[in-house]
Structure formats: C-alpha cells, structure tokens
Amino acid sequence: MLRIVKIVAIAALFLTGGLAQATETLDRLKGDKRPLLLFSKSRSDAGLGKQIDLLRDFRPEMRARSVIVLHTSGNEETRAAIGYTSIDRGTARALRQRFAPEPRGLTVILVGKDGTEKARWQRIVSPDEIFKTIDAMPMRQREMQESGATN
C-alpha cells in the first residue's frame, strides 16, 4: 500500500511539474502578450506552415494586438514563430497537457493577456478572424480606446 502511495505521489509531482512549466512560460507573457499557440503532429504538417505564412504577412497588425505566435510540433520543443520570448525546455509537453490539442491536424489556440484560453480552432484560421476575436475582447477594447485606434 505504501508503495502505491509513493508511486501516485511521484506521478503527481511529475504531472504538476509539467503544468507548472506551461504556467511559468505563459505567466511571463501575462498582462503583456496574447499567445497564439499552434499545435501540429509534425513540423512538416502543411497546415502549420500555411498558418505561419498567413500570419507573417500581418506582423504589424499582430504587433498592434500584442500577439506572439508559439508553435509545438510533435515531441519537439515549443518555439516562437512570430515575436520573441524565452521558452523553458519541457514547455511543449506542459502546453500539450494543459490545452489538450487534437492529436491530428492543426490546433490553433488564442490565449488572452489574462492567461486563459479565448478561442480554439481545428483548422487554418484567417488573420482577420483572429483579429476580430481579439478586437471583441474587453481588454482590447480598452486598449483601443486609450490609444485612439480603431483596430
């Protein structure tokens, strides 16, 4: 019985450690950036490449909305695709545990400045759809009012 308790305790520490890594990485961005997380089975996934290419054409609009794009492909470490942030080793696994993306295809998840999931798509998403989602958020509305911007 004591052995089972030890095994469960070790497993709990292992699992929560991974979640802590995802939380630490996202916590550093909290209040400052809106992470757009891209998950795919492999880096060669056509959907991943197309999504990143679409977004690269809209860097000024993404910068205006404080969006940083992070991608996680298969078992590889998480990388910044657009924008820059330091990312801890092991973050990929932790992000997969926290957000549970589909095992196949592309999963796109928008995380707000408060660190919570705001939108999820299982397909390539147009930048306009992402921007409309962000621009409808109360925090973004305040940002636009304070800066006098319309988008």
# chains A, B, ... in the order shown; residues from 1 in each chain; ligands from 1
$ residues_around --residues "segment 40-55 of chain A" --least-positions-apart "3" --cutoff "10 Å" --atoms "only C-alpha atoms" --output "MDAnalysis selection string"
chainID A and resid 58:59 61:62 69:76 81:82 101:108 123:128 130
$ select_by_dssp --residues "segment 16-128 of chain A" --states "helix (DSSP H, G or I)" --output "PyMOL selection string"
chain A and resi 16-29+46-56+59-64+91-99+127-128
$ write_last_selection --atoms "N, CA and C atoms" --output "CSV table (one decimal), in the first residue's frame"
chain,number,residue,atom,x,y,z
A,16,THR,N,2.3,17.7,-12.3
A,16,THR,CA,2.1,19.1,-11.9
A,16,THR,C,3.4,19.9,-12.3
A,17,GLY,N,4.5,19.3,-12.3
A,17,GLY,CA,5.7,20.0,-12.7
A,17,GLY,C,5.6,20.4,-14.2
A,18,GLY,N,5.1,19.6,-15.0
A,18,GLY,CA,4.9,19.9,-16.4
A,18,GLY,C,3.9,21.1,-16.6
A,19,LEU,N,2.8,21.0,-15.8
A,19,LEU,CA,1.8,22.1,-15.9
A,19,LEU,C,2.4,23.4,-15.3
A,20,ALA,N,3.3,23.3,-14.4
A,20,ALA,CA,4.0,24.5,-13.8
A,20,ALA,C,4.8,25.1,-14.9
A,21,GLN,N,5.5,24.3,-15.7
A,21,GLN,CA,6.4,24.8,-16.8
A,21,GLN,C,5.5,25.6,-17.8
A,22,ALA,N,4.4,25.1,-18.2
A,22,ALA,CA,3.5,25.8,-19.1
A,22,ALA,C,3.0,27.1,-18.4
A,23,THR,N,2.6,27.0,-17.2
A,23,THR,CA,2.2,28.2,-16.5
A,23,THR,C,3.2,29.2,-16.3
A,24,GLU,N,4.5,28.8,-16.0
A,24,GLU,CA,5.6,29.8,-15.9
A,24,GLU,C,5.8,30.5,-17.3
A,25,THR,N,5.9,29.7,-18.3
A,25,THR,CA,6.1,30.4,-19.7
A,25,THR,C,5.0,31.3,-20.0
A,26,LEU,N,3.7,30.9,-19.8
A,26,LEU,CA,2.6,31.8,-20.1
A,26,LEU,C,2.5,33.0,-19.0
A,27,ASP,N,2.9,32.7,-17.8
A,27,ASP,CA,2.9,33.8,-16.8
A,27,ASP,C,3.8,34.9,-17.1
A,28,ARG,N,4.9,34.6,-17.7
A,28,ARG,CA,5.9,35.7,-18.1
A,28,ARG,C,5.2,36.6,-19.2
A,29,LEU,N,4.3,36.0,-20.0
A,29,LEU,CA,3.6,36.8,-21.0
A,29,LEU,C,2.4,37.5,-20.5
A,46,ALA,N,1.4,20.5,-43.3
A,46,ALA,CA,1.2,21.6,-44.3
A,46,ALA,C,0.3,22.7,-43.7
A,47,GLY,N,-0.6,22.3,-42.8
A,47,GLY,CA,-1.4,23.3,-42.1
A,47,GLY,C,-0.6,24.3,-41.3
A,48,LEU,N,0.4,23.7,-40.6
A,48,LEU,CA,1.2,24.6,-39.7
A,48,LEU,C,2.0,25.6,-40.5
A,49,GLY,N,2.6,25.1,-41.6
A,49,GLY,CA,3.4,26.0,-42.5
A,49,GLY,C,2.5,27.1,-43.1
A,50,LYS,N,1.3,26.7,-43.5
A,50,LYS,CA,0.4,27.7,-44.2
A,50,LYS,C,-0.1,28.7,-43.1
A,51,GLN,N,-0.4,28.2,-41.9
A,51,GLN,CA,-0.9,29.2,-40.9
A,51,GLN,C,0.2,30.2,-40.5
A,52,ILE,N,1.4,29.7,-40.4
A,52,ILE,CA,2.5,30.6,-40.0
A,52,ILE,C,2.8,31.6,-41.2
A,53,ASP,N,2.7,31.2,-42.4
A,53,ASP,CA,2.9,32.0,-43.6
A,53,ASP,C,1.8,33.1,-43.6
A,54,LEU,N,0.6,32.7,-43.4
A,54,LEU,CA,-0.5,33.7,-43.4
A,54,LEU,C,-0.3,34.8,-42.3
A,55,LEU,N,0.1,34.3,-41.2
A,55,LEU,CA,0.3,35.3,-40.1
A,55,LEU,C,1.5,36.2,-40.3
A,56,ARG,N,2.5,35.7,-40.9
A,56,ARG,CA,3.7,36.5,-41.1
A,56,ARG,C,3.4,37.8,-42.0
A,59,ARG,N,2.3,40.9,-39.6
A,59,ARG,CA,3.1,41.3,-38.4
A,59,ARG,C,2.7,42.6,-37.8
A,60,PRO,N,2.6,43.7,-38.5
A,60,PRO,CA,2.2,45.0,-37.9
A,60,PRO,C,0.9,44.9,-37.1
A,61,GLU,N,-0.1,44.2,-37.7
A,61,GLU,CA,-1.4,44.1,-37.1
A,61,GLU,C,-1.3,43.2,-35.8
A,62,MET,N,-0.4,42.2,-35.9
A,62,MET,CA,-0.2,41.3,-34.7
A,62,MET,C,0.5,42.1,-33.6
A,63,ARG,N,1.5,42.8,-34.0
A,63,ARG,CA,2.2,43.6,-33.0
A,63,ARG,C,1.3,44.6,-32.3
A,64,ALA,N,0.4,45.2,-33.1
A,64,ALA,CA,-0.6,46.2,-32.5
A,64,ALA,C,-1.5,45.5,-31.5
A,91,THR,N,8.4,22.9,-22.1
A,91,THR,CA,7.2,23.6,-22.2
A,91,THR,C,6.2,22.9,-23.2
A,92,ALA,N,6.8,22.3,-24.2
A,92,ALA,CA,5.9,21.7,-25.2
A,92,ALA,C,5.0,20.6,-24.6
A,93,ARG,N,5.6,19.8,-23.8
A,93,ARG,CA,4.8,18.7,-23.1
A,93,ARG,C,3.7,19.4,-22.2
A,94,ALA,N,4.2,20.4,-21.4
A,94,ALA,CA,3.3,21.1,-20.5
A,94,ALA,C,2.2,21.8,-21.2
A,95,LEU,N,2.4,22.4,-22.3
A,95,LEU,CA,1.4,23.1,-23.1
A,95,LEU,C,0.4,22.0,-23.6
A,96,ARG,N,0.9,20.9,-24.1
A,96,ARG,CA,0.0,19.9,-24.6
A,96,ARG,C,-0.9,19.3,-23.5
A,97,GLN,N,-0.3,19.2,-22.3
A,97,GLN,CA,-1.1,18.7,-21.2
A,97,GLN,C,-2.2,19.7,-20.8
A,98,ARG,N,-1.8,21.0,-20.7
A,98,ARG,CA,-2.8,22.0,-20.3
A,98,ARG,C,-3.9,22.2,-21.3
A,99,PHE,N,-3.5,22.3,-22.6
A,99,PHE,CA,-4.5,22.7,-23.6
A,99,PHE,C,-5.1,21.5,-24.4
A,127,PRO,N,-6.2,35.5,-40.5
A,127,PRO,CA,-5.8,36.5,-39.6
A,127,PRO,C,-6.9,37.5,-39.2
A,128,ASP,N,-7.8,37.7,-40.2
A,128,ASP,CA,-9.0,38.6,-39.9
A,128,ASP,C,-9.9,38.0,-38.8
$ residues_around --residues "Met139 of chain A" --least-positions-apart "2" --cutoff "12 Å" --atoms "only C-alpha atoms" --output "VMD selection string"
chain A and resid 31 to 34 65 to 66 112 to 114 133 to 137 141 to 146
$ closest_residue --among "A:Arg140, A:Ala100, A:Leu36, A:Ala119" --to "Gly83 of chain A" --atoms "only C-alpha atoms"
A:Leu36
$ select_by_dssp --residues "segment 16-132 of chain A" --states "strand (DSSP E)" --output "PyMOL selection string"
chain A and resi 34-40+67-73+79-82+107-111+117-121
$ atom_distance --atom1 "atom CA of Asp88 of chain A" --atom2 "atom CA of Ile68 of chain A"
15.7 Å
$ atom_distance --atom1 "atom CA of Val111 of chain A" --atom2 "atom CA of Leu37 of chain A"
7.6 Å
